[in-house]
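*Asks:* Let me give you the structure first, and then I'll get to my questions.
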Amino acid sequence: MKLLPVFIAAVVLAGVALGVHAQTSQPEPYKVVFDLTSSDPIDQQAVLRWINEVKAVNPRNEAEVVMYGRGLDLVITDKTTRAAEIARAIGDLGASFKVCGIAVKNQKLDRSQLLSNVEIVPDGIGEIVTRQSAGWGYIKVGH
Amino acid sequence: MKLLPVFIAAVVLAGVALGVHAQTSQPEPYKVVFDLTSSDPIDQQAVLRWINEVKAVNPRNEAEVVMYGRGLDLVITDKTTRAAEIARAIGDLGASFKVCGIAVKNQKLDRSQLLSNVEIVPDGIGEIVTRQSAGWGYIKVGH
Amino acid sequence: MKLLPVFIAAVVLAGVALGVHAQTSQPEPYKVVFDLTSSDPIDQQAVLRWINEVKAVNPRNEAEVVMYGRGLDLVITDKTTRAAEIARAIGDLGASFKVCGIAVKNQKLDRSQLLSNVEIVPDGIGEIVTRQSAGWGYIKVGH
């Protein structure tokens with residue numbers, strides 16, 4: 001007679017327990033900005049692998065790459081060997097790739113020479129500092 | 001008759017509008033500490049260029065270089081090729097160049113062997129950590 | 001007659017003054033996480049020296065090394081030349097050495113191939129970001 005409400009309550013409790021478990025087994029989401037000033041293929045490969053891993057740990061994690069100095073080579077159409085991986089990181093994983101506008105100018109590059117899915121920000125260092133101020137983690141890419 | 005006050009009010013309003021525009025078109029000032037442990041001329045050149053760019057973006061931005069390990073070479077009188085640029089960064093741009101006192105001792109250097117306009121701090125890593133705690137951005141120099 | 005209380009008060013005041021002096025001459029303790037992705041012996045030596053120096057400045061300072069990518073070589077038993085220094089940094093200085101579990105898996109390493117006194121964390125980048133969020137300083141090891 002009174003079994004149905006008890007059953008429902010048990011199911012609800014079990015659901016809550018599962019939900020809590022799922023929440024605690026999934027780590028808290030975080031945001032991280034990668035600082036890339038290297039054109040070394042090892043560093044280029046590393047940052048793309050790390051973005052994949054950061055997103056695999058928790059799809060709600062956010063990742064952004066800021067490129068200046070020699071880091072630009074990763075997104076210069078004539079130089080990069082990783083356009084497909086970058087497209088996947090942006091399209092499938094929601095990562096951002098941002099190029100320092102000052103570096104673009106210093107290197108006499110035109111927007112058309114860069115992969116079309118990367119953004120140009122006015123000041124790469126300013127972008128990184130702003131992210132740090134907003135509580136993003138910071139990782140310098142290097143080895 | 002009542003046109004003068006209206007004209008004055010319009011001029012004041014226009015001035016306020018211009019002021020607001022000037023404020024919003026100039027990015028918020030930021031502070032950044034550069035961590036230099038490399039003696040590579042490319043890294044030495046990069047940090048000096050970045051200080052210039054940080055200050056060009058907004059003259060109210062603040063920049064500091066902390067040197068330890070091999071980073072000291074930039075300010076050892078007998079080794080540096082960039083004394084004039086450092087003098088300009090300090091004198092004209094208000095940047096700070098700080099050398100780790102532990103590294104100075106480890107490398108058996110005397111104060112007289114360092115450029116006279118650089119400061120010695122007791123603990124380079126402590127200086128960087130203190131800046132980070134105070135909300136400064138952090139950039140590792142490398143490539 | 002009333003000299004004893006005055007004498008006691010003077011001794012207490014002197015003690016307080018000394019205590020305040022000792023407190024102010026010792027810098028505030030800080031916490032720092034080192035990011036090691038390099039297998040270069042110069043970087044391996046540097047991070048161990050820095051841990052010693054951080055602890056020499058103030059024994060209450062805390063230091064942690066997070067290794068991923070090529071940084072793992074420092075704690076792979078068959079590759080490291082610094083096992084004794086690491087044991088001393090952990091045992092005598094209270095430093096932590098943490099290896100990224102994703103990197104361990106990527107490099108097909110078994111727990112038994114790593115020094116037994118290092119910890120494996122699920123996500124090396126997540127560990128660093130968490131430390132940064134908790135107010136730890138961040139130093140990328142490189143040169």
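Residue numbering restarts at 1 for every chain of the structure tokens, chains are lettered A, B, ... in their displayed order, and ligands are numbered from 1 as they appear.
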Leaving out range 101-103 of chain B and any residue of its chain fewer than 2 positions from it, which residues lie within 12 Å of it when counting only C-alpha atoms, given as a PDB file with C-alpha atoms, in the first residue's frame?

*Replies:*
```pdb
ATOM      1  CA  THR B  37      66.839  32.263 -16.797  1.00  0.00           C
ATOM      2  CA  VAL B  66      63.765  39.080 -12.721  1.00  0.00           C
ATOM      3  CA  MET B  67      67.009  37.310 -13.622  1.00  0.00           C
ATOM      4  CA  TYR B  68      68.481  34.212 -12.011  1.00  0.00           C
ATOM      5  CA  GLY B  69      70.476  31.217 -13.264  1.00  0.00           C
ATOM      6  CA  ARG B  70      71.858  31.964 -16.712  1.00  0.00           C
ATOM      7  CA  GLY B  71      69.597  34.986 -16.971  1.00  0.00           C
ATOM      8  CA  LEU B  72      72.228  37.086 -15.201  1.00  0.00           C
ATOM      9  CA  ASP B  73      74.352  37.309 -18.358  1.00  0.00           C
ATOM     10  CA  LYS B  98      66.213  42.734 -10.710  1.00  0.00           C
ATOM     11  CA  VAL B  99      68.933  40.172 -10.156  1.00  0.00           C
ATOM     12  CA  LYS B 105      76.627  34.748  -4.768  1.00  0.00           C
ATOM     13  CA  ASN B 106      76.552  31.307  -6.472  1.00  0.00           C
ATOM     14  CA  GLN B 107      78.240  32.761  -9.523  1.00  0.00           C
ATOM     15  CA  LYS B 108      80.840  34.543  -7.315  1.00  0.00           C
ATOM     16  CA  LEU B 109      79.963  37.880  -8.840  1.00  0.00           C
ATOM     17  CA  ASP B 110      80.645  41.234  -7.272  1.00  0.00           C
ATOM     18  CA  ARG B 111      78.169  44.123  -7.441  1.00  0.00           C
ATOM     19  CA  LEU B 114      76.791  44.120 -12.818  1.00  0.00           C
ATOM     20  CA  VAL B 118      69.996  46.948 -11.973  1.00  0.00           C
ATOM     21  CA  GLU B 119      68.806  46.051  -8.493  1.00  0.00           C
ATOM     22  CA  ILE B 120      69.802  43.003  -6.470  1.00  0.00           C
ATOM     23  CA  VAL B 121      66.930  41.306  -4.635  1.00  0.00           C
ATOM     24  CA  PRO B 122      67.598  38.732  -1.896  1.00  0.00           C
ATOM     25  CA  ASP B 123      65.619  35.929  -3.590  1.00  0.00           C
ATOM     26  CA  GLY B 124      64.683  36.030  -7.284  1.00  0.00           C
ATOM     27  CA  ILE B 125      62.061  33.289  -7.083  1.00  0.00           C
ATOM     28  CA  GLY B 126      60.578  34.928  -3.977  1.00  0.00           C
ATOM     29  CA  GLU B 127      60.404  38.220  -5.889  1.00  0.00           C
TER      30      GLU B 127
ATOM     31  CA  ALA C  46      68.367  23.883 -11.740  1.00  0.00           C
ATOM     32  CA  ARG C  49      69.093  23.737  -6.688  1.00  0.00           C
ATOM     33  CA  TRP C  50      66.096  26.097  -6.596  1.00  0.00           C
ATOM     34  CA  ASN C  52      67.261  23.944  -1.858  1.00  0.00           C
ATOM     35  CA  GLU C  53      67.441  27.715  -2.132  1.00  0.00           C
ATOM     36  CA  VAL C  54      63.702  28.245  -1.602  1.00  0.00           C
ATOM     37  CA  ALA C  56      67.175  27.933   2.704  1.00  0.00           C
ATOM     38  CA  VAL C  57      65.488  31.337   2.417  1.00  0.00           C
TER      39      VAL C  57
END
```

*Asks:* Within 8 Å of chain C, which residues belong to chain A? Use only C-alpha atoms and report them as JSON, numbers by chain.

*Replies:* {"A": [30, 31, 32, 46, 53, 54, 57, 135, 136, 137, 138, 139, 140, 142, 143]}

*Asks:* Can you pull out the residues contacting range 86-97 of chain B? Cut-off 6 Å, using only C-alpha atoms, and skip same-chain residues under 5 positions away; I want them as a list in words.

*Replies:* Ala63, Glu64, Val65 and Val118 of chain B

*Asks:* Would you list, as a PyMOL selection string, the residues of range 71-120 of chain B that end up in alpha helix (DSSP H) under DSSP run on this structure's backbone?

*Replies:* chain B and resi 83-91+101-106
